[in-house]
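Student: The following file, final.cif, comprises mmCIF, C-alpha atoms and all ligand atoms:
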```
data_protein
loop_
_atom_site.label_atom_id
_atom_site.label_comp_id
_atom_site.auth_asym_id
_atom_site.auth_seq_id
_atom_site.Cartn_x
_atom_site.Cartn_y
_atom_site.Cartn_z
CA MET E 1 14.69 55.35 -65.43
CA THR E 2 16.28 57.68 -62.89
CA THR E 3 17.57 56.20 -59.67
CA PRO E 4 16.73 57.85 -56.36
CA GLU E 5 20.37 58.96 -55.82
CA THR E 6 20.40 61.17 -58.91
CA LEU E 7 17.11 62.89 -58.25
CA PRO E 8 17.12 66.66 -58.51
CA GLU E 9 16.38 68.05 -55.07
CA GLU E 10 18.05 71.43 -54.68
CA ASN E 11 16.11 73.53 -57.20
CA GLU E 12 12.66 72.35 -56.28
CA PRO E 13 10.33 74.77 -54.49
CA LYS E 14 10.00 74.24 -50.71
CA GLU E 15 6.64 72.49 -50.72
CA ARG E 16 7.92 69.80 -53.05
CA VAL E 17 10.78 68.77 -50.78
CA ALA E 18 8.63 65.99 -49.33
CA HIS E 19 8.58 64.35 -52.79
CA PRO E 20 12.00 64.76 -54.38
CA PHE E 21 10.96 63.54 -57.81
CA ARG E 22 9.92 65.23 -60.97
CA THR E 23 7.92 62.60 -62.78
CA LEU E 24 5.62 59.75 -62.05
CA ARG E 25 8.30 57.17 -62.80
CA GLU E 26 10.78 58.86 -60.51
CA LEU E 27 8.19 58.84 -57.79
CA VAL E 28 7.49 55.13 -58.24
CA ASP E 29 11.20 54.31 -58.19
CA TYR E 30 11.85 56.53 -55.23
CA VAL E 31 9.03 55.40 -52.97
CA SER E 32 9.20 51.75 -54.00
CA GLY E 33 12.96 51.78 -53.52
CA LYS E 34 12.96 52.99 -49.91
CA SER E 35 13.27 50.32 -47.25
CA LEU E 36 10.41 49.83 -44.89
CA PRO E 37 10.87 51.42 -41.43
CA THR E 38 11.96 48.65 -39.04
CA ASN E 39 9.02 49.13 -36.68
CA ALA E 40 6.41 48.96 -39.45
CA ALA E 41 5.10 45.51 -38.55
CA GLU E 42 4.92 45.98 -34.79
CA GLU E 43 1.39 47.27 -34.42
CA GLY E 44 -1.33 44.64 -34.57
CA GLY E 45 -4.37 45.07 -36.79
CA LEU E 46 -7.17 43.26 -38.53
CA ALA E 47 -6.79 42.03 -42.06
CA GLU E 48 -8.88 44.65 -43.78
CA ALA E 49 -9.97 45.03 -47.34
CA LEU E 50 -7.22 47.57 -47.94
CA PRO E 51 -5.18 46.78 -51.03
CA PHE E 52 -1.44 46.30 -50.78
CA PRO E 53 0.04 49.73 -51.68
CA PHE E 54 1.16 49.88 -55.32
CA LEU E 55 4.31 51.71 -54.32
CA ALA E 56 5.20 49.02 -51.78
CA ILE E 57 5.72 46.42 -54.52
CA VAL E 58 9.43 45.67 -54.66
CA GLY E 59 11.12 45.72 -58.07
CA GLN E 60 8.94 44.65 -61.05
CA LYS E 61 9.56 48.01 -62.71
CA GLU E 62 8.27 47.00 -66.09
CA MET E 63 5.02 45.62 -64.72
CA LYS E 64 4.42 48.77 -62.69
CA LEU E 65 5.25 50.99 -65.66
CA ALA E 66 2.91 49.05 -67.98
CA LEU E 67 0.04 49.36 -65.52
CA LEU E 68 0.64 53.09 -65.08
CA LEU E 69 0.77 53.63 -68.85
CA GLY E 70 -2.58 51.82 -69.11
CA LEU E 71 -4.08 54.19 -66.55
CA ILE E 72 -2.71 57.23 -68.38
CA ASN E 73 -3.69 56.14 -71.88
CA PRO E 74 -6.42 53.50 -72.34
CA SER E 75 -5.47 53.39 -76.06
CA VAL E 76 -2.43 51.22 -75.26
CA GLY E 77 -4.94 48.44 -75.78
CA GLY E 78 -4.73 46.37 -72.65
CA ILE E 79 -1.96 44.80 -70.64
CA LEU E 80 -1.03 41.15 -70.38
CA LEU E 81 1.08 39.96 -67.45
CA VAL E 82 2.74 36.63 -68.12
CA GLY E 83 4.61 34.82 -65.38
CA PRO E 84 4.65 32.08 -62.78
CA ARG E 85 2.61 32.16 -59.59
CA GLY E 86 3.74 34.32 -56.69
CA THR E 87 5.26 37.13 -58.72
CA ALA E 88 2.83 39.80 -57.50
CA LYS E 89 0.80 40.04 -60.72
CA THR E 90 -2.61 40.01 -59.05
CA THR E 91 -1.32 42.05 -56.12
CA ALA E 92 -0.06 44.72 -58.51
CA VAL E 93 -3.37 44.96 -60.37
CA ARG E 94 -5.44 45.16 -57.17
CA SER E 95 -3.01 47.68 -55.70
CA LEU E 96 -4.00 50.14 -58.44
CA LEU E 97 -7.18 50.81 -56.47
CA ASP E 98 -5.70 53.76 -54.58
CA ILE E 99 -4.24 55.52 -57.60
CA LEU E 100 -7.05 55.15 -60.11
CA PRO E 101 -7.80 58.39 -61.96
CA LYS E 102 -11.16 60.08 -62.30
CA VAL E 103 -13.25 60.09 -65.47
CA GLU E 104 -16.45 61.84 -66.48
CA ARG E 105 -19.20 59.30 -66.03
CA SER E 106 -22.83 59.39 -67.09
CA LEU E 107 -25.31 59.97 -64.28
CA CYS E 108 -27.98 58.04 -66.16
CA TYR E 109 -28.87 54.34 -66.03
CA TYR E 110 -28.75 54.21 -69.83
CA GLY E 111 -25.33 55.80 -69.90
CA CYS E 112 -26.34 58.90 -71.89
CA LEU E 113 -23.47 61.31 -72.58
CA PRO E 114 -23.25 64.90 -73.86
CA GLU E 115 -21.23 63.52 -76.83
CA ASP E 116 -24.30 61.53 -77.87
CA ILE E 117 -26.25 64.77 -78.31
CA GLU E 118 -23.35 66.43 -80.12
CA SER E 119 -23.11 63.57 -82.60
CA GLY E 120 -26.70 62.27 -82.83
CA GLY E 121 -28.95 65.11 -81.71
CA ILE E 122 -31.26 65.31 -78.73
CA ASP E 123 -33.04 62.05 -79.63
CA ALA E 124 -29.82 60.16 -79.05
CA VAL E 125 -30.35 60.36 -75.28
CA CYS E 126 -33.20 59.30 -73.01
CA PRO E 127 -36.06 61.80 -72.34
CA ASP E 128 -34.77 62.45 -68.85
CA CYS E 129 -31.32 63.39 -70.09
CA ALA E 130 -32.80 65.42 -72.96
CA ARG E 131 -34.69 67.51 -70.39
CA LYS E 132 -31.62 67.89 -68.21
CA TYR E 133 -29.54 68.94 -71.20
CA ALA E 134 -32.13 71.56 -72.18
CA GLU E 135 -32.10 72.90 -68.63
CA GLY E 136 -28.34 73.11 -68.67
CA GLN E 137 -27.91 70.42 -66.02
CA PRO E 138 -24.86 68.17 -66.26
CA LEU E 139 -25.28 64.66 -67.66
CA VAL E 140 -21.97 63.48 -66.27
CA ALA E 141 -20.01 63.78 -63.06
CA PRO E 142 -16.40 62.97 -62.23
CA ASP E 143 -16.06 59.48 -60.83
CA ARG E 144 -13.11 57.26 -60.03
CA VAL E 145 -12.19 54.55 -62.52
CA ARG E 146 -13.10 51.21 -60.98
CA LEU E 147 -11.39 47.88 -61.00
CA VAL E 148 -13.82 45.24 -62.22
CA GLU E 149 -12.64 41.67 -61.78
CA LEU E 150 -14.09 38.91 -63.89
CA PRO E 151 -14.73 35.86 -61.70
CA LEU E 152 -13.16 32.72 -63.12
CA ASN E 153 -16.44 30.81 -63.09
CA SER E 154 -18.34 33.49 -65.08
CA ARG E 155 -20.81 32.30 -67.69
CA LEU E 156 -21.26 34.07 -71.02
CA GLU E 157 -24.59 35.35 -69.74
CA ASP E 158 -22.93 36.95 -66.71
CA VAL E 159 -20.39 38.63 -68.97
CA VAL E 160 -22.60 40.09 -71.71
CA GLY E 161 -25.93 40.11 -69.87
CA GLY E 162 -29.12 38.14 -70.35
CA ILE E 163 -32.83 38.22 -69.73
CA ASP E 164 -33.62 39.83 -66.41
CA GLU E 165 -35.39 37.04 -64.50
CA ARG E 166 -36.97 39.44 -62.04
CA ALA E 167 -38.51 41.45 -64.85
CA VAL E 168 -39.88 38.26 -66.42
CA VAL E 169 -41.87 37.59 -63.25
CA HIS E 170 -43.62 40.90 -63.87
CA GLU E 171 -44.24 39.83 -67.48
CA ARG E 172 -41.75 42.34 -68.77
CA LEU E 173 -38.74 41.52 -70.85
CA ARG E 174 -35.64 43.37 -69.94
CA VAL E 175 -31.97 42.73 -70.48
CA ARG E 176 -29.92 42.45 -67.31
CA ARG E 177 -26.60 44.25 -67.58
CA GLY E 178 -23.54 42.07 -67.78
CA ILE E 179 -20.10 42.51 -66.28
CA LEU E 180 -18.86 44.00 -69.56
CA SER E 181 -21.24 46.94 -69.40
CA GLN E 182 -20.10 47.61 -65.82
CA ALA E 183 -16.56 47.73 -67.11
CA ASP E 184 -17.21 50.79 -69.29
CA ARG E 185 -14.49 53.39 -68.65
CA ASN E 186 -13.05 51.08 -66.01
CA LEU E 187 -10.34 48.47 -65.76
CA LEU E 188 -11.42 44.92 -66.44
CA TYR E 189 -9.11 42.42 -64.82
CA ILE E 190 -9.09 38.76 -65.81
CA ASP E 191 -6.78 36.53 -63.84
CA GLU E 192 -5.83 33.25 -65.53
CA ILE E 193 -7.18 34.52 -68.82
CA ASN E 194 -5.76 31.47 -70.58
CA LEU E 195 -8.20 29.27 -68.65
CA LEU E 196 -11.31 31.22 -69.67
CA SER E 197 -13.56 29.61 -72.27
CA ASP E 198 -13.19 30.76 -75.87
CA ASP E 199 -16.71 32.16 -76.28
CA ILE E 200 -16.28 34.46 -73.26
CA VAL E 201 -12.83 35.63 -74.30
CA ASP E 202 -14.10 36.34 -77.82
CA ALA E 203 -17.05 38.36 -76.49
CA ILE E 204 -14.74 40.41 -74.29
CA LEU E 205 -12.17 41.04 -77.00
CA ASP E 206 -14.83 42.02 -79.54
CA ALA E 207 -16.39 44.45 -77.08
CA ALA E 208 -12.96 45.85 -76.23
CA ALA E 209 -12.14 46.35 -79.91
CA GLN E 210 -15.45 48.02 -80.75
CA GLY E 211 -15.88 49.93 -77.50
CA GLY E 212 -19.36 48.47 -77.10
CA TYR E 213 -21.59 45.52 -77.81
CA THR E 214 -25.18 44.49 -78.40
CA VAL E 215 -27.05 41.72 -76.60
CA ARG E 216 -29.94 40.10 -78.42
CA ARG E 217 -32.30 37.83 -76.56
CA GLY E 218 -35.35 36.92 -78.61
CA PRO E 219 -37.36 40.03 -79.41
CA ILE E 220 -35.32 42.40 -77.29
CA SER E 221 -31.87 43.81 -77.63
CA ALA E 222 -29.73 46.29 -75.79
CA THR E 223 -26.53 48.07 -76.77
CA TYR E 224 -23.90 48.99 -74.22
CA ARG E 225 -20.73 50.95 -74.18
CA ALA E 226 -17.74 48.94 -73.10
CA ARG E 227 -14.63 51.07 -73.34
CA PHE E 228 -12.35 49.47 -70.85
CA VAL E 229 -8.71 48.76 -70.28
CA LEU E 230 -8.32 45.00 -70.27
CA ILE E 231 -5.73 43.59 -67.93
CA GLY E 232 -5.07 39.88 -68.17
CA SER E 233 -2.69 37.74 -66.23
CA MET E 234 -1.64 34.19 -66.86
CA ASN E 235 0.77 31.51 -65.84
CA PRO E 236 2.04 29.89 -69.04
CA GLU E 237 2.59 26.61 -67.17
CA GLU E 238 -1.18 26.25 -66.86
CA GLY E 239 -2.14 26.46 -70.50
CA ARG E 240 -1.25 28.44 -73.57
CA LEU E 241 -3.03 31.51 -74.81
CA ARG E 242 -4.50 31.46 -78.31
CA PRO E 243 -2.42 33.61 -80.69
CA GLN E 244 -5.42 35.75 -81.66
CA ILE E 245 -5.93 36.63 -78.00
CA LEU E 246 -2.29 37.45 -77.51
CA ASP E 247 -2.39 39.75 -80.54
CA ARG E 248 -5.22 41.80 -79.03
CA PHE E 249 -3.20 42.72 -75.95
CA GLY E 250 -1.22 45.92 -76.33
CA LEU E 251 1.47 45.73 -73.67
CA ARG E 252 3.06 42.42 -72.71
CA VAL E 253 5.08 42.04 -69.57
CA ILE E 254 7.05 38.95 -68.66
CA VAL E 255 6.94 38.93 -64.88
CA ARG E 256 9.76 37.04 -63.24
CA GLY E 257 10.58 36.42 -59.62
CA LEU E 258 12.99 38.81 -57.87
CA ASP E 259 16.67 37.86 -58.41
CA ASP E 260 18.32 39.95 -55.72
CA PRO E 261 18.21 38.29 -52.26
CA ALA E 262 18.05 41.74 -50.61
CA GLU E 263 14.98 42.59 -52.71
CA ARG E 264 13.37 39.29 -51.80
CA LEU E 265 13.91 39.99 -48.11
CA GLU E 266 12.50 43.51 -48.48
CA ALA E 267 9.47 42.07 -50.33
CA TYR E 268 8.94 39.57 -47.52
CA ARG E 269 9.13 42.33 -44.89
CA ARG E 270 6.57 44.44 -46.71
CA VAL E 271 4.15 41.58 -47.22
CA GLN E 272 4.51 40.62 -43.57
CA ALA E 273 3.97 44.23 -42.49
CA TYR E 274 0.89 44.45 -44.69
CA LEU E 275 -0.62 41.23 -43.38
CA SER E 276 -0.12 42.18 -39.75
CA ASN E 277 -1.16 45.81 -40.15
CA PRO E 278 -2.68 46.82 -43.48
CA ARG E 279 -3.75 50.23 -42.19
CA GLY E 280 -0.25 51.00 -40.96
CA MET E 281 1.14 50.01 -44.34
CA ALA E 282 -1.41 52.25 -46.09
CA SER E 283 -0.34 55.20 -43.97
CA ILE E 284 3.39 54.64 -44.62
CA TYR E 285 2.77 54.88 -48.37
CA GLY E 286 -0.20 57.26 -48.15
CA ASN E 287 1.55 60.47 -49.23
CA GLY E 288 3.34 58.77 -52.08
CA MET E 289 0.12 57.19 -53.28
CA VAL E 290 -1.73 60.52 -53.22
CA ALA E 291 1.10 62.11 -55.18
CA ALA E 292 1.11 59.24 -57.68
CA ALA E 293 -2.65 59.58 -58.20
CA GLU E 294 -2.19 63.31 -58.90
CA GLU E 295 0.64 62.63 -61.34
CA ILE E 296 -1.50 60.12 -63.22
CA GLN E 297 -4.41 62.55 -63.42
CA SER E 298 -2.22 65.34 -64.75
CA ALA E 299 -0.57 62.98 -67.26
CA ARG E 300 -4.06 62.09 -68.50
CA ALA E 301 -4.87 65.77 -68.90
CA MET E 302 -1.60 66.24 -70.79
CA LEU E 303 -2.07 63.25 -73.11
CA PRO E 304 -4.31 64.85 -75.81
CA LYS E 305 -1.57 67.47 -76.40
CA VAL E 306 1.19 64.90 -76.90
CA THR E 307 2.16 64.47 -80.57
CA LEU E 308 4.41 62.00 -82.36
CA PRO E 309 6.66 63.68 -84.94
CA ASP E 310 7.03 61.85 -88.30
CA LYS E 311 10.79 61.80 -88.02
CA VAL E 312 10.50 59.90 -84.72
CA ALA E 313 7.80 57.55 -85.98
CA ARG E 314 9.39 56.49 -89.30
CA PRO E 315 12.48 54.69 -87.93
CA ALA E 316 10.20 52.97 -85.41
CA ILE E 317 7.98 51.56 -88.14
CA ASN E 318 11.12 50.40 -89.95
CA LEU E 319 12.15 48.53 -86.84
CA VAL E 320 8.76 46.84 -86.52
CA GLN E 321 9.05 45.67 -90.12
CA LYS E 322 12.63 44.51 -89.63
CA MET E 323 11.46 42.42 -86.71
CA GLY E 324 9.04 40.69 -89.08
CA ILE E 325 5.96 41.76 -87.14
CA ASP E 326 2.83 41.77 -89.28
CA SER E 327 0.24 43.10 -86.85
CA LEU E 328 -0.43 46.83 -87.08
CA ARG E 329 -1.34 46.66 -83.41
CA ALA E 330 2.37 46.56 -82.62
CA GLU E 331 3.07 50.14 -83.64
CA ILE E 332 -0.31 51.43 -82.47
CA THR E 333 0.43 50.17 -78.98
CA TRP E 334 4.05 51.25 -79.13
CA PHE E 335 3.20 54.80 -80.14
CA GLU E 336 0.31 55.15 -77.69
CA ALA E 337 2.48 53.84 -74.85
CA ALA E 338 5.22 56.30 -75.80
CA ARG E 339 2.69 59.16 -75.79
CA ALA E 340 1.62 58.15 -72.28
CA TYR E 341 5.26 57.95 -71.25
CA ALA E 342 5.93 61.45 -72.60
CA ALA E 343 2.77 62.76 -70.92
CA ALA E 344 3.98 61.38 -67.58
CA ASP E 345 7.12 63.45 -68.09
CA GLY E 346 5.06 66.53 -68.91
CA CYS E 347 6.34 66.59 -72.50
CA ASP E 348 4.11 67.39 -75.47
CA LYS E 349 6.25 65.55 -78.06
CA VAL E 350 7.29 61.92 -78.15
CA SER E 351 11.07 61.59 -78.24
CA PRO E 352 13.12 58.60 -79.47
CA GLU E 353 13.96 57.95 -75.79
CA ASP E 354 10.24 57.64 -74.95
CA LEU E 355 9.90 55.05 -77.71
CA GLN E 356 12.96 53.17 -76.44
CA ALA E 357 11.62 53.04 -72.90
CA VAL E 358 8.38 51.30 -73.82
CA ALA E 359 9.49 49.30 -76.87
CA PRO E 360 10.05 45.89 -75.24
CA MET E 361 6.61 45.69 -73.66
CA ALA E 362 4.90 46.78 -76.88
CA LEU E 363 6.89 44.59 -79.28
CA ARG E 364 7.68 41.34 -77.50
CA LEU E 365 5.74 38.16 -78.27
CA ARG E 366 4.59 39.79 -81.50
CA ARG E 367 6.60 37.92 -84.05
CA SER E 368 4.43 35.00 -84.82
CA GLN E 369 6.38 31.77 -84.57
CA PHE E 370 3.08 30.15 -85.31
CA MET E 371 2.53 32.03 -88.57
CA ALA E 372 6.10 31.37 -89.69
CA GLU E 373 5.69 27.66 -88.96
CA TYR E 374 2.22 27.71 -90.44
CA PHE E 375 3.40 29.19 -93.73
CA SER E 376 6.33 26.78 -93.94
CA SER E 377 4.14 23.78 -93.15
CA GLN E 378 1.62 25.11 -95.66
CA ALA E 379 4.39 25.27 -98.21
CA GLY E 380 5.27 21.64 -97.43
CA GLU E 381 1.66 20.60 -97.75
CA GLU E 382 1.30 22.54 -101.00
CA GLU E 383 4.36 20.82 -102.43
CA GLU E 384 3.16 17.37 -101.38
CA MET E 385 -0.29 18.04 -102.82
CA GLN E 386 1.14 19.24 -106.14
CA GLY E 387 3.36 16.15 -106.28
CA LEU E 388 0.42 13.83 -105.65
CA LEU E 389 -1.74 15.65 -108.19
CA HIS E 390 1.05 15.43 -110.73
CA ALA E 391 1.43 11.70 -110.09
CA LEU E 392 -2.33 11.25 -110.40
CA ARG E 393 -2.42 13.12 -113.73
CA ARG E 394 0.36 10.91 -115.07
CA LYS E 395 -1.41 7.77 -113.86
CA GLN E 396 -4.72 8.87 -115.36
CA GLY E 397 -2.91 9.85 -118.54
CA THR E 398 -1.39 6.37 -118.79
CA SER E 399 -4.63 4.60 -117.84
CA LYS E 400 -6.49 6.56 -120.55
CA LYS E 401 -4.01 5.38 -123.11
CA LYS E 402 -4.66 1.72 -122.23
ZN ZN L 501 -30.18 59.20 -70.00
#
```
Can I see the file as structure tokens?

Tutor:
Amino acid sequence: MTTPETLPEENEPKERVAHPFRTLRELVDYVSGKSLPTNAAEEGGLAEALPFPFLAIVGQKEMKLALLLGLINPSVGGILLVGPRGTAKTTAVRSLLDILPKVERSLCYYGCLPEDIESGGIDAVCPDCARKYAEGQPLVAPDRVRLVELPLNSRLEDVVGGIDERAVVHERLRVRRGILSQADRNLLYIDEINLLSDDIVDAILDAAAQGGYTVRRGPISATYRARFVLIGSMNPEEGRLRPQILDRFGLRVIVRGLDDPAERLEAYRRVQAYLSNPRGMASIYGNGMVAAAEEIQSARAMLPKVTLPDKVARPAINLVQKMGIDSLRAEITWFEAARAYAAADGCDKVSPEDLQAVAPMALRLRRSQFMAEYFSSQAGEEEEMQGLLHALRRKQGTSKKK
């Protein structure tokens, strides 16, 4: 990661002087690293629904990088933020609001897409969309990725959908869309994911893995797309996360409190400035946020062109095996995160340095202590069982002889 002092400034064209950075990460470091102007908190203002600016979060580089990589490449497979309370996890996720990229989104209630016609013919879309397609009208329009938060008290029915009660009144059966279907092509954020009930977590993880899901309620069923980037946060003091859930998360960030007293003071000043004047805070970081959003969008456009050469990938797979990691998801996430990292730099090939930069967040908490202990306890059990069976055979052998 380049520090602001070593940023290249002199050779940049004039109009880029306002942002002396070359990549998204440089921008984040540069803007986040600047101290807040001393008069920032002076103006009064109402507490508005403006999110805390992403770039105003002090430190927490790895968390910020993981979230950006998730925006650039949804194939990183979700992001889990693990840490105690008050370490800006939820703030960081909500602060993404201003830098979310745009995606092509279906204009239709049923979510019909041009790809559906390309793969399944004209009958694969609703009659309305079929007509539009024939007339050359667009089925999709660019729309900002949204941040969908799963409320902690959600029921399974709220998440996957259920019978539409209003339609039942009119003697019609219809499935009401759940939160998961709203999350398609969006970010789905679950705070305190370790406290969510197992059936809901399983439904979400299955949908995330398959990119869609089907709801069946009696005679009716409905299938929805659900291609979302899952972001979970948890405080390990409040309950552990099941290993199978942990395995499904691509990037894992351990979020700790700030160590440097100067950083803590700066963080306090920014929070105070935000609380007393959120609009003022938004304007201080406005240009940086616009630039960051543009960088993310162009990295997304770059991503399909980014390749991973075999000679870079092979030693990485060796390392995963040396670490004793069984799950294939480790290298999938690692490689996809490295592609996003390269794309953010405007490179079309993943370099060993790209892999290095994202390795910890892709590989940590992968080696299964549980499985190791499980196999060794299994071995103990196996031995004990064989011993008992052996003893039983001898006893039966001797009793037969009697
Ligand atoms: Zn349609």

Student: For ligand ZN 501 (chain L), which residue out of E:Arg216, E:Arg177, E:Arg105, E:Arg339 is the nearest one, using only C-alpha atoms and all ligand atoms?

Tutor: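 Result for the nearest residue to ligand ZN 501 (chain L): E:Arg105.
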
Student: How many Å separate atom CA of Gly86 of chain E from atom CA of Ala262 of chain E?

Tutor: 17.2 Å

Student: Got a sec to check which residues lie within 6 Å of ligand ZN 501 (chain L), using only C-alpha atoms and all ligand atoms, and send them as a list in words?

Tutor: Cys108, Tyr110, Gly111, Cys112, Val125, Cys126, Asp128 and Cys129 of chain E

Student: Grab the atom CA of Glu263 of chain E to atom CA of Val58 of chain E distance for me, in Å with one decimal place.

Tutor: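 Atom-to-atom, atom CA of Glu263 of chain E to atom CA of Val58 of chain E, that is 6.6 Å.
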
Student: Could you give me, as a PyMOL selection string, the residues within 9 Å of Glu266 of chain E, counting all atoms listed in the file and dropping anything in the same chain fewer than 5 positions from it?

Tutor: chain E and resi 35-36+58+261+271
